[in-house]
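Pasted below: run-v8.cif, mmCIF, C-alpha atoms, pLDDT in the B column; chains and numbers go by the auth columns.
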```cif
data_model
#
loop_
_atom_site.group_PDB
_atom_site.id
_atom_site.type_symbol
_atom_site.label_atom_id
_atom_site.label_comp_id
_atom_site.label_asym_id
_atom_site.label_seq_id
_atom_site.Cartn_x
_atom_site.Cartn_y
_atom_site.Cartn_z
_atom_site.B_iso_or_equiv
_atom_site.auth_seq_id
_atom_site.auth_asym_id
ATOM 1 C CA MET A 1 -67.837 -98.488 -196.471 56.00 1 A
ATOM 2 C CA GLU A 2 -64.820 -100.333 -197.850 60.00 2 A
ATOM 3 C CA GLU A 3 -61.455 -98.584 -197.469 67.00 3 A
ATOM 4 C CA ILE A 4 -59.604 -98.163 -200.764 77.00 4 A
ATOM 5 C CA ILE A 5 -55.903 -98.901 -200.402 84.00 5 A
ATOM 6 C CA LEU A 6 -53.566 -97.642 -203.100 86.00 6 A
ATOM 7 C CA ARG A 7 -50.304 -99.438 -203.748 89.00 7 A
ATOM 8 C CA LYS A 8 -47.838 -99.874 -206.562 91.00 8 A
ATOM 9 C CA HIS A 9 -48.579 -102.709 -208.985 93.00 9 A
ATOM 10 C CA THR A 10 -46.124 -104.163 -211.480 94.00 10 A
ATOM 11 C CA PHE A 11 -47.479 -105.599 -214.720 95.00 11 A
ATOM 12 C CA THR A 12 -45.552 -107.518 -217.337 96.00 12 A
ATOM 13 C CA ILE A 13 -47.298 -107.590 -220.673 96.00 13 A
ATOM 14 C CA LEU A 14 -46.171 -109.822 -223.511 96.00 14 A
ATOM 15 C CA VAL A 15 -47.228 -108.296 -226.837 97.00 15 A
ATOM 16 C CA GLU A 16 -46.817 -108.774 -230.559 97.00 16 A
ATOM 17 C CA ASN A 17 -43.860 -106.647 -231.674 96.00 17 A
ATOM 18 C CA ARG A 18 -45.849 -104.257 -233.890 95.00 18 A
ATOM 19 C CA PRO A 19 -46.160 -100.474 -234.247 95.00 19 A
ATOM 20 C CA GLY A 20 -48.838 -98.871 -232.073 94.00 20 A
ATOM 21 C CA VAL A 21 -49.084 -101.605 -229.435 95.00 21 A
ATOM 22 C CA LEU A 22 -47.335 -99.554 -226.752 95.00 22 A
ATOM 23 C CA ALA A 23 -49.576 -96.571 -227.459 95.00 23 A
ATOM 24 C CA ARG A 24 -52.699 -98.708 -227.042 94.00 24 A
ATOM 25 C CA VAL A 25 -51.441 -100.192 -223.763 95.00 25 A
ATOM 26 C CA ALA A 26 -50.393 -96.824 -222.324 93.00 26 A
ATOM 27 C CA GLY A 27 -53.640 -95.293 -223.562 92.00 27 A
ATOM 28 C CA LEU A 28 -55.688 -97.814 -221.610 92.00 28 A
ATOM 29 C CA PHE A 29 -53.981 -96.781 -218.361 90.00 29 A
ATOM 30 C CA SER A 30 -54.325 -93.106 -219.271 90.00 30 A
ATOM 31 C CA ARG A 31 -58.042 -93.377 -220.047 90.00 31 A
ATOM 32 C CA ARG A 32 -58.580 -94.980 -216.639 87.00 32 A
ATOM 33 C CA GLY A 33 -56.787 -92.061 -214.944 88.00 33 A
ATOM 34 C CA PHE A 34 -53.558 -93.841 -213.985 89.00 34 A
ATOM 35 C CA ASN A 35 -50.189 -92.171 -214.074 90.00 35 A
ATOM 36 C CA ILE A 36 -47.498 -94.614 -215.184 93.00 36 A
ATOM 37 C CA ASP A 37 -44.673 -94.520 -212.611 92.00 37 A
ATOM 38 C CA SER A 38 -42.301 -96.686 -214.639 93.00 38 A
ATOM 39 C CA LEU A 39 -42.294 -98.074 -218.161 95.00 39 A
ATOM 40 C CA ALA A 40 -39.774 -100.338 -219.896 96.00 40 A
ATOM 41 C CA VAL A 41 -40.158 -102.042 -223.264 96.00 41 A
ATOM 42 C CA SER A 42 -37.904 -104.355 -225.241 94.00 42 A
ATOM 43 C CA THR A 43 -38.008 -107.306 -227.574 95.00 43 A
ATOM 44 C CA THR A 44 -37.746 -110.752 -226.015 95.00 44 A
ATOM 45 C CA GLN A 45 -35.741 -113.824 -226.998 95.00 45 A
ATOM 46 C CA ASP A 46 -38.377 -114.143 -229.733 96.00 46 A
ATOM 47 C CA PRO A 47 -38.033 -111.050 -231.997 95.00 47 A
ATOM 48 C CA SER A 48 -41.732 -111.190 -232.880 97.00 48 A
ATOM 49 C CA LEU A 49 -42.644 -110.442 -229.229 97.00 49 A
ATOM 50 C CA SER A 50 -41.945 -107.539 -226.884 97.00 50 A
ATOM 51 C CA ARG A 51 -42.244 -107.334 -223.115 97.00 51 A
ATOM 52 C CA ILE A 52 -43.701 -104.221 -221.533 97.00 52 A
ATOM 53 C CA THR A 53 -43.143 -103.687 -217.810 96.00 53 A
ATOM 54 C CA ILE A 54 -45.399 -101.041 -216.260 95.00 54 A
ATOM 55 C CA VAL A 55 -45.569 -99.845 -212.666 94.00 55 A
ATOM 56 C CA VAL A 56 -48.711 -97.944 -211.630 93.00 56 A
ATOM 57 C CA GLU A 57 -50.300 -97.011 -208.341 92.00 57 A
ATOM 58 C CA GLY A 58 -53.915 -97.932 -207.691 89.00 58 A
ATOM 59 C CA ASN A 59 -56.298 -100.136 -205.779 88.00 59 A
ATOM 60 C CA ASP A 60 -56.387 -103.873 -206.360 86.00 60 A
ATOM 61 C CA ARG A 61 -59.938 -104.036 -207.721 87.00 61 A
ATOM 62 C CA THR A 62 -59.515 -101.295 -210.326 87.00 62 A
ATOM 63 C CA LEU A 63 -56.186 -102.657 -211.527 88.00 63 A
ATOM 64 C CA GLU A 64 -57.707 -106.122 -211.850 88.00 64 A
ATOM 65 C CA GLN A 65 -60.261 -104.593 -214.231 89.00 65 A
ATOM 66 C CA VAL A 66 -57.466 -102.855 -216.183 90.00 66 A
ATOM 67 C CA SER A 67 -55.690 -106.216 -216.483 91.00 67 A
ATOM 68 C CA LYS A 68 -58.849 -107.797 -217.908 91.00 68 A
ATOM 69 C CA GLN A 69 -59.229 -104.949 -220.398 91.00 69 A
ATOM 70 C CA LEU A 70 -55.583 -105.295 -221.450 93.00 70 A
ATOM 71 C CA ASN A 71 -56.186 -108.976 -222.214 91.00 71 A
ATOM 72 C CA LYS A 72 -58.924 -107.958 -224.661 91.00 72 A
ATOM 73 C CA LEU A 73 -56.638 -105.711 -226.726 91.00 73 A
ATOM 74 C CA ILE A 74 -55.403 -106.909 -230.109 90.00 74 A
ATOM 75 C CA ASP A 75 -51.714 -107.896 -230.104 95.00 75 A
ATOM 76 C CA ILE A 76 -51.681 -108.762 -226.376 96.00 76 A
ATOM 77 C CA VAL A 77 -50.332 -112.271 -225.753 96.00 77 A
ATOM 78 C CA ARG A 78 -50.340 -112.342 -221.945 95.00 78 A
ATOM 79 C CA VAL A 79 -50.769 -109.962 -218.993 95.00 79 A
ATOM 80 C CA ASN A 80 -49.355 -110.705 -215.541 94.00 80 A
ATOM 81 C CA ASP A 81 -49.772 -108.635 -212.383 94.00 81 A
ATOM 82 C CA ILE A 82 -46.586 -109.709 -210.599 94.00 82 A
ATOM 83 C CA THR A 83 -47.011 -107.389 -207.624 92.00 83 A
ATOM 84 C CA ASN A 84 -47.117 -110.255 -205.113 91.00 84 A
ATOM 85 C CA VAL A 85 -44.663 -112.578 -206.883 92.00 85 A
ATOM 86 C CA ASP A 86 -41.030 -113.224 -205.882 93.00 86 A
ATOM 87 C CA THR A 87 -39.019 -111.332 -208.508 94.00 87 A
ATOM 88 C CA VAL A 88 -35.663 -109.826 -209.337 94.00 88 A
ATOM 89 C CA ASP A 89 -35.923 -106.201 -210.481 94.00 89 A
ATOM 90 C CA ARG A 90 -33.469 -103.545 -211.540 96.00 90 A
ATOM 91 C CA GLU A 91 -33.386 -99.978 -212.777 96.00 91 A
ATOM 92 C CA LEU A 92 -30.575 -97.887 -214.148 97.00 92 A
ATOM 93 C CA VAL A 93 -29.862 -94.243 -213.392 97.00 93 A
ATOM 94 C CA LEU A 94 -27.335 -91.844 -214.882 98.00 94 A
ATOM 95 C CA ILE A 95 -26.534 -88.919 -212.585 98.00 95 A
ATOM 96 C CA LYS A 96 -24.504 -85.856 -213.536 98.00 96 A
ATOM 97 C CA VAL A 97 -23.373 -84.193 -210.320 98.00 97 A
ATOM 98 C CA ASN A 98 -21.320 -81.093 -209.532 97.00 98 A
ATOM 99 C CA ALA A 99 -17.851 -82.342 -208.644 96.00 99 A
ATOM 100 C CA GLY A 100 -15.226 -79.688 -208.312 91.00 100 A
ATOM 101 C CA ALA A 101 -11.799 -80.663 -206.996 90.00 101 A
ATOM 102 C CA ALA A 102 -12.896 -80.174 -203.374 92.00 102 A
ATOM 103 C CA GLN A 103 -15.887 -82.557 -203.561 94.00 103 A
ATOM 104 C CA ARG A 104 -14.705 -85.092 -206.128 95.00 104 A
ATOM 105 C CA GLN A 105 -13.178 -87.579 -203.675 96.00 105 A
ATOM 106 C CA GLU A 106 -16.294 -87.550 -201.457 96.00 106 A
ATOM 107 C CA ILE A 107 -18.503 -88.187 -204.487 97.00 107 A
ATOM 108 C CA LEU A 108 -16.275 -91.019 -205.689 96.00 108 A
ATOM 109 C CA SER A 109 -16.428 -92.563 -202.197 97.00 109 A
ATOM 110 C CA ILE A 110 -20.234 -92.500 -202.298 97.00 110 A
ATOM 111 C CA ALA A 111 -20.110 -94.011 -205.791 97.00 111 A
ATOM 112 C CA SER A 112 -17.880 -96.809 -204.513 97.00 112 A
ATOM 113 C CA VAL A 113 -20.263 -97.692 -201.666 97.00 113 A
ATOM 114 C CA PHE A 114 -23.144 -97.982 -204.145 98.00 114 A
ATOM 115 C CA ARG A 115 -21.016 -99.802 -206.737 97.00 115 A
ATOM 116 C CA ALA A 116 -21.656 -96.984 -209.195 98.00 116 A
ATOM 117 C CA GLN A 117 -19.565 -96.736 -212.330 98.00 117 A
ATOM 118 C CA VAL A 118 -17.891 -93.453 -213.206 97.00 118 A
ATOM 119 C CA ILE A 119 -18.894 -92.879 -216.831 97.00 119 A
ATOM 120 C CA ASP A 120 -17.484 -89.405 -217.417 97.00 120 A
ATOM 121 C CA VAL A 121 -15.331 -86.909 -215.537 95.00 121 A
ATOM 122 C CA SER A 122 -14.917 -83.268 -216.444 95.00 122 A
ATOM 123 C CA GLU A 123 -13.394 -80.324 -214.645 94.00 123 A
ATOM 124 C CA LYS A 124 -16.613 -79.512 -212.766 96.00 124 A
ATOM 125 C CA SER A 125 -18.803 -82.612 -212.973 97.00 125 A
ATOM 126 C CA VAL A 126 -18.958 -86.397 -212.821 97.00 126 A
ATOM 127 C CA ILE A 127 -21.469 -88.712 -214.490 98.00 127 A
ATOM 128 C CA LEU A 128 -22.257 -91.891 -212.549 98.00 128 A
ATOM 129 C CA GLU A 129 -24.119 -95.013 -213.671 98.00 129 A
ATOM 130 C CA VAL A 130 -25.922 -96.956 -210.962 98.00 130 A
ATOM 131 C CA THR A 131 -28.035 -100.095 -211.330 97.00 131 A
ATOM 132 C CA GLY A 132 -30.110 -101.842 -208.708 96.00 132 A
ATOM 133 C CA PRO A 133 -33.479 -101.936 -207.015 94.00 133 A
ATOM 134 C CA GLN A 134 -35.457 -98.721 -206.661 91.00 134 A
ATOM 135 C CA ASP A 135 -34.538 -98.106 -203.007 93.00 135 A
ATOM 136 C CA LYS A 136 -30.797 -98.242 -203.782 96.00 136 A
ATOM 137 C CA LEU A 137 -31.155 -95.684 -206.560 96.00 137 A
ATOM 138 C CA THR A 138 -33.297 -93.434 -204.405 95.00 138 A
ATOM 139 C CA ALA A 139 -30.680 -93.576 -201.629 97.00 139 A
ATOM 140 C CA ILE A 140 -27.736 -92.528 -203.818 98.00 140 A
ATOM 141 C CA VAL A 141 -29.755 -89.732 -205.420 97.00 141 A
ATOM 142 C CA LYS A 142 -30.638 -88.449 -201.949 97.00 142 A
ATOM 143 C CA LEU A 143 -26.956 -88.442 -200.916 97.00 143 A
ATOM 144 C CA LEU A 144 -25.778 -86.747 -204.113 98.00 144 A
ATOM 145 C CA LYS A 145 -28.382 -83.945 -203.915 97.00 145 A
ATOM 146 C CA HIS A 146 -26.119 -82.306 -201.327 95.00 146 A
ATOM 147 C CA TYR A 147 -23.440 -81.789 -204.025 97.00 147 A
ATOM 148 C CA GLY A 148 -25.869 -80.504 -206.623 97.00 148 A
ATOM 149 C CA ILE A 149 -27.367 -82.807 -209.216 98.00 149 A
ATOM 150 C CA ILE A 150 -27.074 -81.159 -212.625 98.00 150 A
ATOM 151 C CA GLU A 151 -29.054 -83.745 -214.542 98.00 151 A
ATOM 152 C CA ILE A 152 -30.551 -87.159 -213.954 97.00 152 A
ATOM 153 C CA VAL A 153 -32.151 -89.810 -216.162 96.00 153 A
ATOM 154 C CA ARG A 154 -33.662 -93.060 -214.971 94.00 154 A
ATOM 155 C CA THR A 155 -34.892 -96.120 -216.825 93.00 155 A
ATOM 156 C CA GLY A 156 -38.068 -97.924 -215.978 92.00 156 A
ATOM 157 C CA LYS A 157 -38.069 -101.027 -213.825 94.00 157 A
ATOM 158 C CA VAL A 158 -37.201 -104.311 -215.526 94.00 158 A
ATOM 159 C CA VAL A 159 -38.198 -107.502 -213.770 94.00 159 A
ATOM 160 C CA LEU A 160 -38.114 -111.280 -214.016 93.00 160 A
ATOM 161 C CA ILE A 161 -39.838 -113.855 -211.823 93.00 161 A
ATOM 162 C CA ARG A 162 -37.408 -115.911 -209.754 92.00 162 A
ATOM 163 C CA GLY A 163 -36.995 -119.609 -210.534 89.00 163 A
ATOM 164 C CA GLU A 164 -38.275 -121.513 -213.527 81.00 164 A
ATOM 165 C CA LYS A 165 -41.610 -119.728 -213.984 76.00 165 A
ATOM 166 C CA ASN A 166 -41.847 -117.225 -216.886 74.00 166 A
ATOM 167 C CA THR A 167 -43.350 -113.780 -216.852 66.00 167 A
#
```
Since I need it in another form, could you write the structure as structure tokens?
Amino acid sequence: MEEIILRKHTFTILVENRPGVLARVAGLFSRRGFNIDSLAVSTTQDPSLSRITIVVEGNDRTLEQVSKQLNKLIDIVRVNDITNVDTVDRELVLIKVNAGAAQRQEILSIASVFRAQVIDVSEKSVILEVTGPQDKLTAIVKLLKHYGIIEIVRTGKVVLIRGEKNT
């Protein structure tokens, strides 16, 4: 019996910039039982097109079938599974952390190491903005948990293929 190996896959989907397209794309993953780990959508250099970047966990064979089904949807221009492609990717996280006078300098030192921007400072908290690959963001969140994270919001992964090739 063949062993099924689950791993994270990153898809970039170029679509017509029309209402309802995102819902149809997300619905396809949902109907197949996939939880979307990350989702980012924006218009491209051509305002008539949008790029959707989706990260999901699953086995290669099933996600290949999902990719084929995506290509059959109306308004889909191109689907790329870029899981095994050399890319540059980034996410953004905003973190509001407890930062009384006693802890503030330690928190700002951690922020400096991670090249985080201080966005807001109040008497009892600090809001930091951090961008980078997923592992960097996970690392700073882990360190800041010790001080008490009040609130956190994270974007989905955005990605481009290195070099001259387009996604």
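Each of A:Asn17, A:Ser30, A:Gln105, A:Gln69 was checked against Thr44 in chain A using all atoms listed in the file; the smallest atom-to-atom distance is that of A:Asn17.
Minimum atom-to-atom distances from A:Asp37, A:Thr87, A:Gly58, A:Asp75 to Leu22 in chain A were compared using only C-alpha atoms, and the lowest value belongs to A:Asp75.
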Point to revise | Among the residues A:Ala102, A:Phe114, A:Glu164, A:Val66, the one that comes closest to Gly27 in chain A [using only C-alpha atoms] | key: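 Nearest candidate to Gly27 in chain A out of A:Ala102, A:Phe114, A:Glu164, A:Val66: A:Val66.
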Practice item. Would you work out the distance separating CA of Ile95 in chain A from CA of Val130 in chain A, expressed in Å to one decimal? Key: 8.2 Å
Review point. Which of these, A:Glu57, A:Leu70, A:Ile4, A:Thr131, has the shortest distance to Arg24 in chain A once you count only C-alpha atoms?
Key: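 Closest candidate: A:Leu70.
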Practice item. Run the PyMOL selection byres ((chain A and resi 55) around 8) mentally over the shown coordinates, then write out the matched residues as an MDAnalysis selection string, using the chain letters and numbers from the document. Key: chainID A and resid 8:11 36:39 53:54 56:57 157
Exercise for review: Find, counting only C-alpha atoms, the residue in A:Ala99, A:Ala139, A:Leu92, A:Val21 that gets nearest to Gln117 in chain A.
Suggested key: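 Using only C-alpha atoms, the shortest distance to Gln117 in chain A belongs to A:Leu92.
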Revision key, fill the gap. Lys68 in chain A proximity check over A:Val85, A:Leu28, A:Val153, A:Ala116, using all atoms listed in the file: winner is A:Leu28
Practice item. Quick one: residues within 12 Å of (-37.3, -120.3, -207.0) (file frame), counting all atoms listed in the file, please, as a ChimeraX atom specification. Key: /A:85-88,160-166
Generate the output file for the selected residues, C-alpha atoms, as a PDB file, keeping the file's coordinate frame.
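The result, written out as selection_32.pdb:
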```pdb
ATOM      1  CA  VAL A  85     -44.663-112.578-206.883  1.00 92.00           C
ATOM      2  CA  ASP A  86     -41.030-113.224-205.882  1.00 93.00           C
ATOM      3  CA  THR A  87     -39.019-111.332-208.508  1.00 94.00           C
ATOM      4  CA  VAL A  88     -35.663-109.826-209.337  1.00 94.00           C
ATOM      5  CA  LEU A 160     -38.114-111.280-214.016  1.00 93.00           C
ATOM      6  CA  ILE A 161     -39.838-113.855-211.823  1.00 93.00           C
ATOM      7  CA  ARG A 162     -37.408-115.911-209.754  1.00 92.00           C
ATOM      8  CA  GLY A 163     -36.995-119.609-210.534  1.00 89.00           C
ATOM      9  CA  GLU A 164     -38.275-121.513-213.527  1.00 81.00           C
ATOM     10  CA  LYS A 165     -41.610-119.728-213.984  1.00 76.00           C
ATOM     11  CA  ASN A 166     -41.847-117.225-216.886  1.00 74.00           C
TER      12      ASN A 166
END
```
**Study point:** Nearby residues (only C-alpha atoms) at most 12 Å from Pro47 in chain A, same-chain spacing under 2 positions excluded, as a list in words
**Key:**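 Final neighbour list, sorted by chain and number: Leu14, Val15, Glu16, Asn17, Arg18, Ser42, Thr43, Thr44, Gln45, Leu49, Ser50 and Arg51 of chain A.
Near Ile5 in chain A, within a cut-off of 12 Å and counting only C-alpha atoms, sit the residues A:Glu57, A:Gly58, A:Asn59, A:Asp60, A:Arg61, A:Thr62, A:Leu63, with same-chain residues fewer than 6 positions away left out.
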Exercise for review: Step by step, work through what the PyMOL selection byres ((chain A and resi 137) around 10) selects in the shown file, and finish by giving those residues as number ranges by chain.
Suggested key: A: 90-94, 114, 116, 130-136, 138-142, 154
First collect every listed atom of range 107-115 of chain A; then fit an axis-aligned box around them, widen it by 6 Å on each side, and give centre and edge lengths in Å to one decimal, as lines of an AutoDock Vina configuration file.
```
center_x = -19.7
center_y = -94.0
center_z = -204.2
size_x = 18.9
size_y = 23.6
size_z = 17.1
```
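In this model, the gap between CA of Ile150 in chain A and CA of Asn35 in chain A comes to 25.6 Å.
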